[in-house]
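For reference, the structure discussed in these notes is given below.
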Amino acid sequence: MITEQEQKKIRLLSDIELYLQAVEFMRGVARQLPPTQINGLLNVSLANTYDELGRFIDFQGKRTTWRREDAHIPDFYKRLSQKLKQLEAYALSIMKSRAGQPSREDLQILKMLLTREFIQHVLAENAYMGATRAFQSAERDNTRNQGRPQGNYRGPATQQGRAQ
């Protein structure tokens, strides 16, 4: 069973380090993931064990049936698999404060809690990337149209070149 002290350490780690690591992680991927992928990943992390999540991530990283526009997704999962190994080190560090040897089950639970925190930060950063991109696109479109009339305006009505 995870102690209150360990849960406190997870929350602090999440707010202080995992959030920044998720931002850096998504910048390394450099492209937004489709909401179906990132939400699916979160759902798998919420409904399965740590080992099952690891198998899912490995499977997605090795999958070869991605659409052309989703070619960056396997790289995301390969990076995520490597990130899980780093998160395991955090779990071991948190468990060191326990008196006695932690059970395998407690270690698995702790790793999953850390992983979920990280995935939630990745989901938020993914959404932020999408919102930022949409804002920049709208701003760019607005800048292009500055000074141009909007709507169906076709300029001054002149006889030149127009059939009436």
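Ligands are numbered from 1 in the order shown, residues from 1 within each chain, and chains are lettered A, B, ... in the order they appear in the structure tokens.
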
*Polymer residues at most 10 Å from Glu88 of chain A, only C-alpha atoms, same-chain spacing of 6 or more positions, as a PyMOL selection string*: chain A and resi 94+107-108+110-112+114-115

All heavy atoms of the current selection, written as a JSON list (two decimals), in the first residue's frame:
```json
[["chain", "number", "residue", "atom", "x", "y", "z"],
["A", 94, "ILE", "N", 11.71, 6.96, -4.23],
["A", 94, "ILE", "CA", 10.65, 7.20, -3.25],
["A", 94, "ILE", "C", 10.53, 6.03, -2.29],
["A", 94, "ILE", "O", 10.34, 6.20, -1.10],
["A", 94, "ILE", "CB", 9.31, 7.48, -3.97],
["A", 94, "ILE", "CG1", 9.37, 8.84, -4.68],
["A", 94, "ILE", "CG2", 8.13, 7.44, -3.00],
["A", 94, "ILE", "CD1", 8.20, 9.13, -5.60],
["A", 107, "LEU", "N", 5.60, -1.41, -5.60],
["A", 107, "LEU", "CA", 6.48, -0.76, -6.57],
["A", 107, "LEU", "C", 5.76, -0.54, -7.90],
["A", 107, "LEU", "O", 5.86, 0.53, -8.50],
["A", 107, "LEU", "CB", 7.76, -1.58, -6.77],
["A", 107, "LEU", "CG", 8.83, -0.94, -7.65],
["A", 107, "LEU", "CD1", 9.25, 0.43, -7.11],
["A", 107, "LEU", "CD2", 10.04, -1.86, -7.75],
["A", 108, "GLN", "N", 5.00, -1.53, -8.34],
["A", 108, "GLN", "CA", 4.24, -1.42, -9.59],
["A", 108, "GLN", "C", 3.20, -0.30, -9.48],
["A", 108, "GLN", "O", 3.01, 0.48, -10.41],
["A", 108, "GLN", "CB", 3.54, -2.74, -9.93],
["A", 108, "GLN", "CG", 4.49, -3.87, -10.28],
["A", 108, "GLN", "CD", 5.24, -3.63, -11.57],
["A", 108, "GLN", "OE1", 6.32, -3.04, -11.58],
["A", 108, "GLN", "NE2", 4.66, -4.05, -12.67],
["A", 110, "LEU", "N", 3.30, 2.32, -7.48],
["A", 110, "LEU", "CA", 4.01, 3.60, -7.44],
["A", 110, "LEU", "C", 4.48, 4.01, -8.83],
["A", 110, "LEU", "O", 4.34, 5.17, -9.23],
["A", 110, "LEU", "CB", 5.19, 3.51, -6.47],
["A", 110, "LEU", "CG", 5.89, 4.82, -6.15],
["A", 110, "LEU", "CD1", 4.92, 5.83, -5.54],
["A", 110, "LEU", "CD2", 7.03, 4.58, -5.21],
["A", 111, "LYS", "N", 5.01, 3.07, -9.60],
["A", 111, "LYS", "CA", 5.44, 3.37, -10.97],
["A", 111, "LYS", "C", 4.25, 3.83, -11.81],
["A", 111, "LYS", "O", 4.36, 4.77, -12.60],
["A", 111, "LYS", "CB", 6.11, 2.16, -11.61],
["A", 111, "LYS", "CG", 7.49, 1.87, -11.03],
["A", 111, "LYS", "CD", 8.27, 0.85, -11.83],
["A", 111, "LYS", "CE", 7.76, -0.55, -11.71],
["A", 111, "LYS", "NZ", 8.66, -1.55, -12.31],
["A", 112, "MET", "N", 3.10, 3.18, -11.62],
["A", 112, "MET", "CA", 1.92, 3.54, -12.39],
["A", 112, "MET", "C", 1.42, 4.93, -12.00],
["A", 112, "MET", "O", 1.04, 5.72, -12.86],
["A", 112, "MET", "CB", 0.81, 2.50, -12.19],
["A", 112, "MET", "CG", -0.40, 2.77, -13.08],
["A", 112, "MET", "SD", 0.05, 2.85, -14.83],
["A", 112, "MET", "CE", -0.95, 1.54, -15.44],
["A", 114, "LEU", "N", 3.19, 7.44, -10.88],
["A", 114, "LEU", "CA", 4.11, 8.40, -11.50],
["A", 114, "LEU", "C", 3.88, 8.51, -13.00],
["A", 114, "LEU", "O", 3.88, 9.61, -13.56],
["A", 114, "LEU", "CB", 5.56, 8.00, -11.21],
["A", 114, "LEU", "CG", 6.05, 8.22, -9.79],
["A", 114, "LEU", "CD1", 7.36, 7.48, -9.55],
["A", 114, "LEU", "CD2", 6.20, 9.71, -9.51],
["A", 115, "THR", "N", 3.68, 7.39, -13.63],
["A", 115, "THR", "CA", 3.45, 7.37, -15.08],
["A", 115, "THR", "C", 2.16, 8.10, -15.43],
["A", 115, "THR", "O", 2.12, 8.87, -16.40],
["A", 115, "THR", "CB", 3.42, 5.92, -15.60],
["A", 115, "THR", "OG1", 4.68, 5.31, -15.29],
["A", 115, "THR", "CG2", 3.18, 5.87, -17.08]]
```

_Among segment 92-147 of chain A, which ones does DSSP assign to helix (DSSP H, G or I) (computed from the backbone)? Answer as a ChimeraX atom specification._
/A:92-95,104-144

_For Thr3 of chain A: contacts at 12 Å, only C-alpha atoms, fewer than 5 positions along chain excluded, given as a PyMOL selection string_ = chain A and resi 8-10+94-95+97-99+102+106-107+109-110

Writer output for current selection, C-alpha atoms, as a PDB file, in the first residue's frame:
```
ATOM      1  CA  LYS A   8       2.819  13.605  -1.134  1.00  0.00           C
ATOM      2  CA  LYS A   9       6.200  12.978  -2.773  1.00  0.00           C
ATOM      3  CA  ILE A  10       4.442  11.978  -6.023  1.00  0.00           C
ATOM      4  CA  ILE A  94      10.647   7.204  -3.253  1.00  0.00           C
ATOM      5  CA  MET A  95      10.536   3.609  -2.001  1.00  0.00           C
ATOM      6  CA  SER A  97      12.431   5.887   2.479  1.00  0.00           C
ATOM      7  CA  ARG A  98      10.436   2.801   3.501  1.00  0.00           C
ATOM      8  CA  ALA A  99      11.525   0.610   6.345  1.00  0.00           C
ATOM      9  CA  PRO A 102       8.798  -2.831  -0.609  1.00  0.00           C
ATOM     10  CA  ASP A 106       3.638  -1.574  -4.199  1.00  0.00           C
ATOM     11  CA  LEU A 107       6.483  -0.755  -6.566  1.00  0.00           C
ATOM     12  CA  ILE A 109       1.523   0.817  -8.115  1.00  0.00           C
ATOM     13  CA  LEU A 110       4.008   3.596  -7.437  1.00  0.00           C
TER      14      LEU A 110
END
```

*Show which residues sit within 10 Å of His72 of chain A, as an MDAnalysis selection string. Count only C-alpha atoms, and ignore same-chain residues fewer than 6 positions away.*
chainID A and resid 29:33 66

Just the residues within 12 Å of segment 74-77 of chain A, please, counting only C-alpha atoms, with nothing from its chain fewer than 2 positions along; format it as a PDB file with C-alpha atoms, in the first residue's frame.
```
ATOM      1  CA  ALA A  22       6.475  16.570 -20.118  1.00  0.00           C
ATOM      2  CA  PHE A  25       9.276  15.617 -23.933  1.00  0.00           C
ATOM      3  CA  MET A  26       6.579  17.022 -26.234  1.00  0.00           C
ATOM      4  CA  ARG A  27       8.984  19.593 -27.660  1.00  0.00           C
ATOM      5  CA  GLY A  28      11.267  16.677 -28.502  1.00  0.00           C
ATOM      6  CA  VAL A  29       8.410  14.998 -30.355  1.00  0.00           C
ATOM      7  CA  ALA A  30       7.795  18.401 -31.993  1.00  0.00           C
ATOM      8  CA  ARG A  31       4.326  17.543 -33.270  1.00  0.00           C
ATOM      9  CA  GLN A  32       0.962  17.325 -31.676  1.00  0.00           C
ATOM     10  CA  LEU A  33      -0.595  13.897 -31.315  1.00  0.00           C
ATOM     11  CA  PRO A  34      -4.176  13.295 -32.396  1.00  0.00           C
ATOM     12  CA  GLN A  37      -4.015   8.768 -29.395  1.00  0.00           C
ATOM     13  CA  ILE A  38      -3.264  10.786 -26.291  1.00  0.00           C
ATOM     14  CA  LEU A  41      -3.018   6.392 -23.821  1.00  0.00           C
ATOM     15  CA  LEU A  53       0.615  -0.206 -20.119  1.00  0.00           C
ATOM     16  CA  GLY A  54       4.240  -1.042 -20.961  1.00  0.00           C
ATOM     17  CA  ARG A  55       3.119  -3.679 -23.465  1.00  0.00           C
ATOM     18  CA  PHE A  56       0.668  -1.227 -25.044  1.00  0.00           C
ATOM     19  CA  ILE A  57       3.379   1.413 -25.418  1.00  0.00           C
ATOM     20  CA  ASP A  58       5.821  -1.111 -26.924  1.00  0.00           C
ATOM     21  CA  PHE A  59       3.156  -2.349 -29.350  1.00  0.00           C
ATOM     22  CA  GLN A  60       2.284   1.176 -30.488  1.00  0.00           C
ATOM     23  CA  GLY A  61       5.964   2.015 -30.972  1.00  0.00           C
ATOM     24  CA  LYS A  62       6.499  -1.042 -33.186  1.00  0.00           C
ATOM     25  CA  ARG A  63       3.250  -0.728 -35.116  1.00  0.00           C
ATOM     26  CA  THR A  64       3.758  -0.191 -38.850  1.00  0.00           C
ATOM     27  CA  THR A  65       0.223   0.651 -39.961  1.00  0.00           C
ATOM     28  CA  TRP A  66       0.265   4.370 -39.248  1.00  0.00           C
ATOM     29  CA  ARG A  67      -1.126   6.814 -41.781  1.00  0.00           C
ATOM     30  CA  ARG A  68       1.417   9.111 -43.414  1.00  0.00           C
ATOM     31  CA  GLU A  69       0.326  12.127 -41.354  1.00  0.00           C
ATOM     32  CA  ASP A  70       0.760  10.046 -38.170  1.00  0.00           C
ATOM     33  CA  ALA A  71       4.318   8.917 -38.938  1.00  0.00           C
ATOM     34  CA  HIS A  72       5.609  10.791 -35.854  1.00  0.00           C
ATOM     35  CA  ARG A  79      10.459   8.014 -26.435  1.00  0.00           C
ATOM     36  CA  LEU A  80       7.713   7.288 -23.929  1.00  0.00           C
ATOM     37  CA  SER A  81       9.053   3.782 -23.380  1.00  0.00           C
ATOM     38  CA  GLN A  82      12.455   5.271 -22.553  1.00  0.00           C
ATOM     39  CA  LYS A  83      10.811   7.825 -20.280  1.00  0.00           C
ATOM     40  CA  LEU A  84       9.117   5.052 -18.294  1.00  0.00           C
ATOM     41  CA  ILE A 119       0.896  11.172 -19.070  1.00  0.00           C
ATOM     42  CA  VAL A 122       1.840  15.182 -21.662  1.00  0.00           C
ATOM     43  CA  ASN A 126      -0.315  18.222 -26.291  1.00  0.00           C
TER      44      ASN A 126
END
```

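Of the listed residues (A:Ala91, A:Leu113, A:Leu18, A:Val23), A:Leu113 comes nearest to Thr49 of chain A; the distances count only C-alpha atoms.
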